[in-house]
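Asker: Below is a structure I'd like to ask you about.
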Amino acid sequence: MTPLAPSGDETPGVKGPIVTLDGPAGSGKSTTAREVARRLGFRHLDSGALYRALTLALLESDVPAGEWADLDEQAMRALDVTVTAKGTELEVGVGGRVVNSELRSKEVTAQVAYLASLPVARACLLNLQRAAGAQGRLVADGRDMGTVVFPHADVKIYLVAELGERARRRLREGGMEEPSEEEVVTHSGVIAERDRHDSEREHSPLRKPEEAELIDTTRLSFDEQVEAIIRLVQEAEQRE
Ligand code: C5P
């Protein structure tokens, strides 16, 4: 993997806030974090995309899933997952190509929680994530942003939403305009299983950072949740 490429818009040595958003699948972390970052002019790090990129790289390699746990950090690094700063955008790459929609494929989604439970995969992605925050002015979303990757973040948020609502949102993201109750119940089971996997794993399990602000988005509009977070960032900036 190559280190984060510097963008042309940074003033070296000038640091700004780091904002973390953690929470379970479908709580709206990534879309919210992206919009918060856009409005503040910060960068957005979607750490789930890095775990997905590493999963994609392994699926495209000739290593069967049953042998992923035997790989060492060097072998994982050789898969060449990168994060590159382009202005305020952070592009995720695999083997030199920018990856995007393929990160959300069924195959990647089915394997990513397993890959993310391997300590070697987490170690391999840790420095890439920290490099993205080296200049501050970052909104990072994932499962362990506030607990492990950026424990000294200036603002920590923990986003939750009721399971059925999270399933409905994921189905809508996947192109279903009005999912039936049956589809919502089935997909709730899939999400609950991923949450269980993420919360019960030994390394960097999903949990609310003690000092994080809890925001339940079940009955909030997208704008309301974005504005609530921006208010917290502005309050933190005023305290500085
Ligand atoms: O957020 P997203 O659904 O894209 O994340 C995919 C998976 O990557 C999660 O279910 C989790 O297993 C893993 N992940 C993680 N730590 C993070 C971000 C994602 O373990 N910080």
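All residue names refer to the structure tokens as shown: chains lettered A, B, ... in order, residues numbered from 1 in each chain, ligands numbered from 1 in order.
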Let me have all residues with an atom within 9 Å of ligand 1, counting only C-alpha atoms and all ligand atoms, laid out as a short mmCIF file (atom, residue, chain, number, x, y, z; two decimals) with N, CA, C and O atoms, in the first residue's frame.

Answerer:
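The resulting file, result-v2.cif, is reproduced below:
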data_model
loop_
_atom_site.label_atom_id
_atom_site.label_comp_id
_atom_site.auth_asym_id
_atom_site.auth_seq_id
_atom_site.Cartn_x
_atom_site.Cartn_y
_atom_site.Cartn_z
N ASP A 22 -19.49 6.54 14.65
CA ASP A 22 -19.56 5.09 14.68
C ASP A 22 -21.01 4.66 14.84
O ASP A 22 -21.87 5.46 15.24
N GLY A 23 -21.26 3.40 14.56
CA GLY A 23 -22.61 2.89 14.74
C GLY A 23 -22.83 1.63 13.92
O GLY A 23 -21.99 1.27 13.10
N PRO A 24 -23.98 0.97 14.16
CA PRO A 24 -24.27 -0.28 13.46
C PRO A 24 -24.61 -0.07 11.98
O PRO A 24 -24.81 1.07 11.54
N ALA A 25 -24.71 -1.17 11.24
CA ALA A 25 -25.01 -1.13 9.80
C ALA A 25 -26.35 -0.44 9.55
O ALA A 25 -27.32 -0.69 10.26
N GLY A 26 -26.36 0.43 8.57
CA GLY A 26 -27.62 1.06 8.15
C GLY A 26 -28.06 2.21 9.04
O GLY A 26 -29.17 2.73 8.89
N LYS A 29 -24.49 6.27 8.81
CA LYS A 29 -23.18 6.88 9.08
C LYS A 29 -22.54 7.50 7.84
O LYS A 29 -22.13 8.65 7.85
N SER A 30 -22.41 6.68 6.78
CA SER A 30 -21.60 7.14 5.64
C SER A 30 -22.24 8.32 4.91
O SER A 30 -21.56 9.30 4.61
N ASP A 46 -14.55 6.98 4.73
CA ASP A 46 -15.51 5.88 4.88
C ASP A 46 -14.66 4.63 5.16
O ASP A 46 -14.20 3.97 4.23
N SER A 47 -14.45 4.33 6.45
CA SER A 47 -13.52 3.22 6.76
C SER A 47 -14.08 1.88 6.32
O SER A 47 -13.33 0.96 5.99
N GLY A 48 -15.42 1.75 6.27
CA GLY A 48 -16.01 0.51 5.78
C GLY A 48 -15.56 0.24 4.34
O GLY A 48 -15.36 -0.92 3.95
N ALA A 49 -15.37 1.32 3.57
CA ALA A 49 -14.94 1.15 2.17
C ALA A 49 -13.54 0.52 2.12
O ALA A 49 -13.22 -0.23 1.19
N LEU A 50 -12.71 0.81 3.12
CA LEU A 50 -11.37 0.20 3.14
C LEU A 50 -11.45 -1.30 3.43
O LEU A 50 -10.74 -2.09 2.80
N TYR A 51 -12.31 -1.67 4.40
CA TYR A 51 -12.48 -3.11 4.67
C TYR A 51 -13.09 -3.80 3.45
O TYR A 51 -12.74 -4.93 3.12
N ARG A 52 -13.98 -3.10 2.77
CA ARG A 52 -14.58 -3.67 1.56
C ARG A 52 -13.53 -3.79 0.45
O ARG A 52 -13.50 -4.77 -0.29
N LEU A 103 -17.52 -2.15 -4.49
CA LEU A 103 -17.33 -2.40 -3.06
C LEU A 103 -18.62 -2.84 -2.39
O LEU A 103 -18.62 -3.38 -1.30
N ARG A 104 -19.75 -2.57 -3.05
CA ARG A 104 -21.06 -2.89 -2.46
C ARG A 104 -21.66 -4.17 -3.06
O ARG A 104 -22.84 -4.45 -2.88
N VAL A 108 -18.75 -9.12 -1.91
CA VAL A 108 -17.95 -8.37 -0.93
C VAL A 108 -18.73 -8.26 0.39
O VAL A 108 -18.19 -8.52 1.47
N THR A 109 -20.02 -7.90 0.29
CA THR A 109 -20.83 -7.72 1.50
C THR A 109 -20.89 -9.02 2.32
O THR A 109 -20.86 -8.99 3.55
N GLN A 111 -18.61 -11.26 2.69
CA GLN A 111 -17.34 -11.66 3.32
C GLN A 111 -16.70 -10.60 4.19
O GLN A 111 -15.77 -10.89 4.94
N VAL A 112 -17.19 -9.34 4.09
CA VAL A 112 -16.43 -8.25 4.72
C VAL A 112 -16.38 -8.34 6.25
O VAL A 112 -15.33 -8.07 6.85
N ALA A 113 -17.48 -8.77 6.88
CA ALA A 113 -17.46 -8.81 8.35
C ALA A 113 -16.46 -9.87 8.83
O ALA A 113 -15.79 -9.68 9.85
N TYR A 114 -16.35 -10.96 8.08
CA TYR A 114 -15.35 -11.99 8.44
C TYR A 114 -13.94 -11.41 8.32
O TYR A 114 -13.12 -11.50 9.25
N LEU A 115 -13.65 -10.78 7.17
CA LEU A 115 -12.32 -10.19 6.96
C LEU A 115 -12.00 -9.18 8.06
O LEU A 115 -10.89 -9.15 8.60
N ALA A 116 -13.02 -8.38 8.43
CA ALA A 116 -12.80 -7.32 9.42
C ALA A 116 -12.58 -7.90 10.82
O ALA A 116 -12.13 -7.18 11.72
N SER A 117 -12.89 -9.17 11.02
CA SER A 117 -12.66 -9.77 12.34
C SER A 117 -11.22 -10.26 12.49
O SER A 117 -10.80 -10.65 13.57
N ARG A 122 -7.07 -5.65 10.31
CA ARG A 122 -7.25 -4.37 11.02
C ARG A 122 -5.92 -3.64 11.15
O ARG A 122 -5.84 -2.43 10.97
N ALA A 140 -14.70 10.89 9.99
CA ALA A 140 -14.41 9.48 9.73
C ALA A 140 -15.56 8.64 10.25
O ALA A 140 -15.99 8.80 11.39
N ASP A 141 -16.08 7.72 9.42
CA ASP A 141 -17.16 6.87 9.90
C ASP A 141 -16.79 5.40 9.84
O ASP A 141 -15.99 5.00 8.99
N GLY A 142 -17.34 4.63 10.78
CA GLY A 142 -17.05 3.20 10.82
C GLY A 142 -17.57 2.56 12.08
O GLY A 142 -18.67 2.89 12.56
N ARG A 143 -16.80 1.61 12.62
CA ARG A 143 -17.21 0.89 13.83
C ARG A 143 -16.28 1.18 15.00
O ARG A 143 -16.67 1.05 16.14
N ASP A 144 -15.04 1.58 14.71
CA ASP A 144 -14.05 1.76 15.78
C ASP A 144 -13.29 3.08 15.60
O ASP A 144 -12.15 3.21 16.03
N MET A 145 -13.93 4.04 14.96
CA MET A 145 -13.24 5.32 14.70
C MET A 145 -12.93 6.05 16.02
O MET A 145 -11.82 6.52 16.22
N VAL A 148 -10.71 3.21 18.62
CA VAL A 148 -9.38 2.68 18.32
C VAL A 148 -8.57 3.57 17.37
O VAL A 148 -7.41 3.88 17.63
N VAL A 149 -9.18 3.98 16.27
CA VAL A 149 -8.40 4.66 15.22
C VAL A 149 -8.11 6.11 15.60
O VAL A 149 -6.96 6.57 15.48
N ILE A 191 -29.04 -7.80 8.69
CA ILE A 191 -28.33 -6.70 9.37
C ILE A 191 -28.04 -7.08 10.83
O ILE A 191 -26.95 -6.82 11.35
N ARG A 194 -25.02 -9.17 10.99
CA ARG A 194 -23.77 -8.43 10.80
C ARG A 194 -23.43 -7.63 12.07
O ARG A 194 -22.28 -7.58 12.50
N ASP A 195 -24.46 -7.05 12.69
CA ASP A 195 -24.24 -6.32 13.95
C ASP A 195 -23.67 -7.25 15.02
O ASP A 195 -22.78 -6.87 15.77
N HIS A 197 -21.97 -9.97 14.58
CA HIS A 197 -20.59 -10.27 14.20
C HIS A 197 -19.67 -9.11 14.60
O HIS A 197 -18.62 -9.29 15.21
N ASP A 198 -20.09 -7.87 14.27
CA ASP A 198 -19.25 -6.69 14.53
C ASP A 198 -19.14 -6.39 16.03
O ASP A 198 -18.11 -5.87 16.47
N HIS A 203 -11.53 -8.35 18.30
CA HIS A 203 -10.68 -7.19 18.00
C HIS A 203 -11.52 -5.99 17.55
O HIS A 203 -12.31 -6.11 16.61
N SER A 204 -11.33 -4.85 18.20
CA SER A 204 -12.04 -3.61 17.87
C SER A 204 -13.53 -3.83 17.65
O SER A 204 -14.06 -3.50 16.59
N PRO A 205 -14.23 -4.40 18.63
CA PRO A 205 -15.68 -4.62 18.43
C PRO A 205 -16.43 -3.29 18.33
O PRO A 205 -15.94 -2.27 18.83
N LEU A 206 -17.59 -3.36 17.69
CA LEU A 206 -18.45 -2.17 17.62
C LEU A 206 -18.96 -1.85 19.01
O LEU A 206 -19.59 -2.69 19.66
#

Asker: Neighbours of Glu73 in chain A within 7 Å (only C-alpha atoms; same-chain residues fewer than 4 positions away dropped), as an MDAnalysis selection string?

Answerer: chainID A and resid 77 120 124

Asker: Selection from above, N, CA, C and O atoms, as a compact mmCIF listing (two decimals), in the first residue's frame, can you write it?

Answerer:
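The new file result-v2.txt reads:
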# COMPACT_ATOMS: atom_id res chain seq x y z
N ARG A 77 -0.71 -6.16 2.78
CA ARG A 77 -0.27 -4.88 2.21
C ARG A 77 0.00 -5.01 0.71
O ARG A 77 -0.25 -4.09 -0.06
N VAL A 120 -5.03 -9.17 11.61
CA VAL A 120 -4.04 -8.78 10.61
C VAL A 120 -4.64 -7.78 9.61
O VAL A 120 -3.96 -6.84 9.17
N CYS A 124 -3.39 -3.91 9.18
CA CYS A 124 -2.98 -3.47 7.85
C CYS A 124 -3.65 -2.15 7.46
O CYS A 124 -3.05 -1.32 6.78

Asker: Between A:Arg38, A:Asp216, A:Gln225, A:Arg43, single out the one closest to Glu91 in chain A, counting only C-alpha atoms.

Answerer: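 For Glu91 in chain A, the nearest of the candidates is A:Arg43.
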
Asker: Neighbouring residues of Glu173 in chain A were defined as those with any atom within 12 Å, considering only C-alpha atoms; residues of the same chain fewer than 3 positions away were excluded. Please report them as a PDB file with N, CA, C and O atoms, in the first residue's frame.

Answerer:
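What ended up in out-v6.pdb:
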ATOM      1  N   GLY A  26     -26.362   0.431   8.570  1.00  0.00           N
ATOM      2  CA  GLY A  26     -27.620   1.059   8.150  1.00  0.00           C
ATOM      3  C   GLY A  26     -28.062   2.211   9.043  1.00  0.00           C
ATOM      4  O   GLY A  26     -29.167   2.730   8.890  1.00  0.00           O
ATOM      5  N   GLY A  28     -26.925   5.080   8.920  1.00  0.00           N
ATOM      6  CA  GLY A  28     -26.820   6.311   8.124  1.00  0.00           C
ATOM      7  C   GLY A  28     -25.473   6.994   8.262  1.00  0.00           C
ATOM      8  O   GLY A  28     -25.318   8.162   7.878  1.00  0.00           O
ATOM      9  N   SER A  30     -22.411   6.684   6.781  1.00  0.00           N
ATOM     10  CA  SER A  30     -21.603   7.145   5.643  1.00  0.00           C
ATOM     11  C   SER A  30     -22.240   8.317   4.907  1.00  0.00           C
ATOM     12  O   SER A  30     -21.559   9.297   4.606  1.00  0.00           O
ATOM     13  N   THR A  31     -23.549   8.212   4.641  1.00  0.00           N
ATOM     14  CA  THR A  31     -24.188   9.327   3.919  1.00  0.00           C
ATOM     15  C   THR A  31     -24.180  10.589   4.780  1.00  0.00           C
ATOM     16  O   THR A  31     -23.944  11.697   4.277  1.00  0.00           O
ATOM     17  N   ARG A 104     -19.752  -2.571  -3.049  1.00  0.00           N
ATOM     18  CA  ARG A 104     -21.063  -2.890  -2.457  1.00  0.00           C
ATOM     19  C   ARG A 104     -21.656  -4.167  -3.061  1.00  0.00           C
ATOM     20  O   ARG A 104     -22.840  -4.448  -2.876  1.00  0.00           O
ATOM     21  N   ARG A 166     -33.395   0.673   9.801  1.00  0.00           N
ATOM     22  CA  ARG A 166     -32.078   0.511   9.159  1.00  0.00           C
ATOM     23  C   ARG A 166     -32.182  -0.430   7.954  1.00  0.00           C
ATOM     24  O   ARG A 166     -31.588  -0.193   6.908  1.00  0.00           O
ATOM     25  N   ALA A 167     -32.983  -1.493   8.108  1.00  0.00           N
ATOM     26  CA  ALA A 167     -33.175  -2.432   6.996  1.00  0.00           C
ATOM     27  C   ALA A 167     -33.857  -1.717   5.825  1.00  0.00           C
ATOM     28  O   ALA A 167     -33.453  -1.855   4.662  1.00  0.00           O
ATOM     29  N   ARG A 168     -34.891  -0.919   6.147  1.00  0.00           N
ATOM     30  CA  ARG A 168     -35.623  -0.186   5.099  1.00  0.00           C
ATOM     31  C   ARG A 168     -34.668   0.742   4.340  1.00  0.00           C
ATOM     32  O   ARG A 168     -34.681   0.807   3.124  1.00  0.00           O
ATOM     33  N   ARG A 169     -33.809   1.436   5.083  1.00  0.00           N
ATOM     34  CA  ARG A 169     -32.872   2.363   4.427  1.00  0.00           C
ATOM     35  C   ARG A 169     -31.908   1.623   3.505  1.00  0.00           C
ATOM     36  O   ARG A 169     -31.631   2.068   2.399  1.00  0.00           O
ATOM     37  N   ARG A 170     -31.389   0.483   3.985  1.00  0.00           N
ATOM     38  CA  ARG A 170     -30.446  -0.282   3.161  1.00  0.00           C
ATOM     39  C   ARG A 170     -31.120  -0.779   1.886  1.00  0.00           C
ATOM     40  O   ARG A 170     -30.528  -0.770   0.808  1.00  0.00           O
ATOM     41  N   MET A 176     -34.654  -0.323  -4.046  1.00  0.00           N
ATOM     42  CA  MET A 176     -36.066  -0.657  -3.828  1.00  0.00           C
ATOM     43  C   MET A 176     -36.781   0.574  -3.303  1.00  0.00           C
ATOM     44  O   MET A 176     -36.460   1.055  -2.208  1.00  0.00           O
ATOM     45  N   GLU A 177     -37.776   1.066  -4.026  1.00  0.00           N
ATOM     46  CA  GLU A 177     -38.380   2.324  -3.585  1.00  0.00           C
ATOM     47  C   GLU A 177     -39.204   2.161  -2.308  1.00  0.00           C
ATOM     48  O   GLU A 177     -39.032   2.885  -1.347  1.00  0.00           O
ATOM     49  N   GLU A 178     -40.120   1.166  -2.320  1.00  0.00           N
ATOM     50  CA  GLU A 178     -40.948   0.935  -1.133  1.00  0.00           C
ATOM     51  C   GLU A 178     -40.918  -0.548  -0.772  1.00  0.00           C
ATOM     52  O   GLU A 178     -41.795  -1.315  -1.175  1.00  0.00           O
ATOM     53  N   PRO A 179     -39.921  -0.989  -0.007  1.00  0.00           N
ATOM     54  CA  PRO A 179     -39.810  -2.409   0.322  1.00  0.00           C
ATOM     55  C   PRO A 179     -41.020  -2.909   1.124  1.00  0.00           C
ATOM     56  O   PRO A 179     -41.557  -2.151   1.950  1.00  0.00           O
TER      57      PRO A 179
END

Asker: DSSP on the backbone, alpha helix (DSSP H) only: what residues of range 38-224 of chain A does that give? Format it as a PDB file with C-alpha atoms, in the first residue's frame.

Answerer:
ATOM      1  CA  ARG A  38     -19.079  18.520   2.479  1.00  0.00           C
ATOM      2  CA  ARG A  39     -20.788  21.324   4.405  1.00  0.00           C
ATOM      3  CA  LEU A  40     -17.752  21.874   6.662  1.00  0.00           C
ATOM      4  CA  SER A  47     -13.517   3.223   6.758  1.00  0.00           C
ATOM      5  CA  GLY A  48     -16.014   0.509   5.776  1.00  0.00           C
ATOM      6  CA  ALA A  49     -14.938   1.146   2.172  1.00  0.00           C
ATOM      7  CA  LEU A  50     -11.367   0.204   3.137  1.00  0.00           C
ATOM      8  CA  TYR A  51     -12.483  -3.110   4.668  1.00  0.00           C
ATOM      9  CA  ARG A  52     -14.577  -3.669   1.559  1.00  0.00           C
ATOM     10  CA  ALA A  53     -11.615  -2.829  -0.715  1.00  0.00           C
ATOM     11  CA  LEU A  54      -9.387  -5.315   1.102  1.00  0.00           C
ATOM     12  CA  THR A  55     -12.143  -7.932   0.785  1.00  0.00           C
ATOM     13  CA  LEU A  56     -12.489  -7.188  -2.948  1.00  0.00           C
ATOM     14  CA  ALA A  57      -8.725  -7.470  -3.423  1.00  0.00           C
ATOM     15  CA  LEU A  58      -8.717 -10.856  -1.671  1.00  0.00           C
ATOM     16  CA  LEU A  59     -11.692 -12.118  -3.689  1.00  0.00           C
ATOM     17  CA  GLU A  60      -9.819 -11.127  -6.862  1.00  0.00           C
ATOM     18  CA  GLU A  73       0.440  -8.188   7.277  1.00  0.00           C
ATOM     19  CA  GLN A  74       2.969  -8.012   4.455  1.00  0.00           C
ATOM     20  CA  ALA A  75       0.794 -10.233   2.247  1.00  0.00           C
ATOM     21  CA  MET A  76      -2.236  -8.047   3.013  1.00  0.00           C
ATOM     22  CA  ARG A  77      -0.267  -4.878   2.210  1.00  0.00           C
ATOM     23  CA  LYS A 106     -23.129  -9.147  -2.789  1.00  0.00           C
ATOM     24  CA  GLU A 107     -19.855 -11.102  -2.781  1.00  0.00           C
ATOM     25  CA  VAL A 108     -17.951  -8.365  -0.933  1.00  0.00           C
ATOM     26  CA  THR A 109     -20.829  -7.723   1.499  1.00  0.00           C
ATOM     27  CA  ALA A 110     -21.033 -11.441   2.323  1.00  0.00           C
ATOM     28  CA  GLN A 111     -17.337 -11.665   3.316  1.00  0.00           C
ATOM     29  CA  VAL A 112     -16.428  -8.249   4.718  1.00  0.00           C
ATOM     30  CA  ALA A 113     -17.462  -8.808   8.351  1.00  0.00           C
ATOM     31  CA  TYR A 114     -15.351 -11.986   8.443  1.00  0.00           C
ATOM     32  CA  LEU A 115     -12.318 -10.194   6.958  1.00  0.00           C
ATOM     33  CA  ALA A 116     -12.804  -7.316   9.424  1.00  0.00           C
ATOM     34  CA  PRO A 119      -6.497  -8.750  13.522  1.00  0.00           C
ATOM     35  CA  VAL A 120      -4.039  -8.781  10.610  1.00  0.00           C
ATOM     36  CA  ALA A 121      -6.563  -7.010   8.353  1.00  0.00           C
ATOM     37  CA  ARG A 122      -7.253  -4.373  11.021  1.00  0.00           C
ATOM     38  CA  ALA A 123      -3.532  -3.787  11.585  1.00  0.00           C
ATOM     39  CA  CYS A 124      -2.982  -3.475   7.850  1.00  0.00           C
ATOM     40  CA  LEU A 125      -5.622  -0.727   7.509  1.00  0.00           C
ATOM     41  CA  LEU A 126      -4.852   1.218  10.694  1.00  0.00           C
ATOM     42  CA  ASN A 127      -2.065   3.408   9.326  1.00  0.00           C
ATOM     43  CA  LEU A 128      -3.972   4.209   6.148  1.00  0.00           C
ATOM     44  CA  GLN A 129      -6.866   5.500   8.255  1.00  0.00           C
ATOM     45  CA  ARG A 130      -4.626   7.521  10.581  1.00  0.00           C
ATOM     46  CA  ALA A 131      -2.778   9.031   7.598  1.00  0.00           C
ATOM     47  CA  ALA A 132      -6.125  10.316   6.324  1.00  0.00           C
ATOM     48  CA  LEU A 163     -33.461  -2.251  13.229  1.00  0.00           C
ATOM     49  CA  GLY A 164     -36.487  -2.174  10.880  1.00  0.00           C
ATOM     50  CA  GLU A 165     -35.718   1.408   9.860  1.00  0.00           C
ATOM     51  CA  ARG A 166     -32.078   0.511   9.159  1.00  0.00           C
ATOM     52  CA  ALA A 167     -33.175  -2.432   6.996  1.00  0.00           C
ATOM     53  CA  ARG A 168     -35.623  -0.186   5.099  1.00  0.00           C
ATOM     54  CA  ARG A 169     -32.872   2.363   4.427  1.00  0.00           C
ATOM     55  CA  ARG A 170     -30.446  -0.282   3.161  1.00  0.00           C
ATOM     56  CA  LEU A 171     -33.118  -1.716   0.821  1.00  0.00           C
ATOM     57  CA  ARG A 172     -33.892   1.770  -0.501  1.00  0.00           C
ATOM     58  CA  GLU A 173     -30.174   2.407  -1.057  1.00  0.00           C
ATOM     59  CA  GLU A 181     -42.816  -5.613   5.307  1.00  0.00           C
ATOM     60  CA  GLU A 182     -41.656  -9.140   4.425  1.00  0.00           C
ATOM     61  CA  GLU A 183     -38.550  -7.792   2.690  1.00  0.00           C
ATOM     62  CA  VAL A 184     -37.866  -5.515   5.666  1.00  0.00           C
ATOM     63  CA  VAL A 185     -38.145  -8.443   8.107  1.00  0.00           C
ATOM     64  CA  THR A 186     -35.817 -10.620   6.001  1.00  0.00           C
ATOM     65  CA  HIS A 187     -33.234  -7.870   5.610  1.00  0.00           C
ATOM     66  CA  SER A 188     -33.486  -7.011   9.338  1.00  0.00           C
ATOM     67  CA  GLY A 189     -32.232 -10.542   9.990  1.00  0.00           C
ATOM     68  CA  VAL A 190     -29.225 -10.004   7.698  1.00  0.00           C
ATOM     69  CA  ILE A 191     -28.332  -6.700   9.374  1.00  0.00           C
ATOM     70  CA  ALA A 192     -28.817  -8.109  12.893  1.00  0.00           C
ATOM     71  CA  GLU A 193     -26.397 -10.904  12.035  1.00  0.00           C
ATOM     72  CA  ARG A 194     -23.765  -8.427  10.802  1.00  0.00           C
ATOM     73  CA  ASP A 195     -24.239  -6.315  13.954  1.00  0.00           C
ATOM     74  CA  ARG A 196     -23.790  -9.413  16.078  1.00  0.00           C
ATOM     75  CA  HIS A 197     -20.593 -10.267  14.202  1.00  0.00           C
ATOM     76  CA  ASP A 198     -19.252  -6.694  14.528  1.00  0.00           C
ATOM     77  CA  SER A 199     -20.174  -6.341  18.226  1.00  0.00           C
ATOM     78  CA  GLU A 200     -19.035  -9.741  19.448  1.00  0.00           C
ATOM     79  CA  PHE A 222     -31.478  13.511   6.970  1.00  0.00           C
ATOM     80  CA  ASP A 223     -31.093  17.284   7.283  1.00  0.00           C
ATOM     81  CA  GLU A 224     -31.888  17.194  10.991  1.00  0.00           C
TER      82      GLU A 224
END

Asker: Between A:Glu162, A:Asp62, A:Glu89, A:Asp72, which one has atoms that come closest to His44 in chain A, using only C-alpha atoms?

Answerer: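 With only C-alpha atoms as the atom set, the closest residue is A:Glu89.
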
Asker: What is the distance between CA of Ala212 in chain A and CA of Tyr158 in chain A, in Å to one decimal?

Answerer: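 Atom-to-atom, CA of Ala212 in chain A and CA of Tyr158 in chain A are spaced 5.9 Å apart.
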
Asker: Give me every strand (DSSP E) residue in range 96-230 of chain A, going by DSSP on the backbone, as a ChimeraX atom specification.

Answerer: /A:97-98,138-142,155-160,213-216

Asker: Pick the closest to Pro17 in chain A from A:Gly96, A:Pro151, A:Gly136, A:Pro64: which is it, counting only C-alpha atoms?

Answerer: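 Among A:Gly96, A:Pro151, A:Gly136, A:Pro64, it is A:Gly136 that comes nearest to Pro17 in chain A.
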
Asker: Between CA of Gly41 in chain A and CA of Phe150 in chain A, what is the distance, to one decimal in Å?

Answerer: 19.5 Å

Asker: Go through A:Ala153, A:Ile229, A:Ala161, A:Ile215 one by one, measure the shortest atom-to-atom distance of each to Val36 in chain A using only C-alpha atoms, and give the residue with the smallest value.

Answerer: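 Closest candidate: A:Ile229.
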
Asker: Mind pulling up the distance from CA of Gly95 in chain A to CA of Gly66 in chain A?

Answerer: 22.3 Å
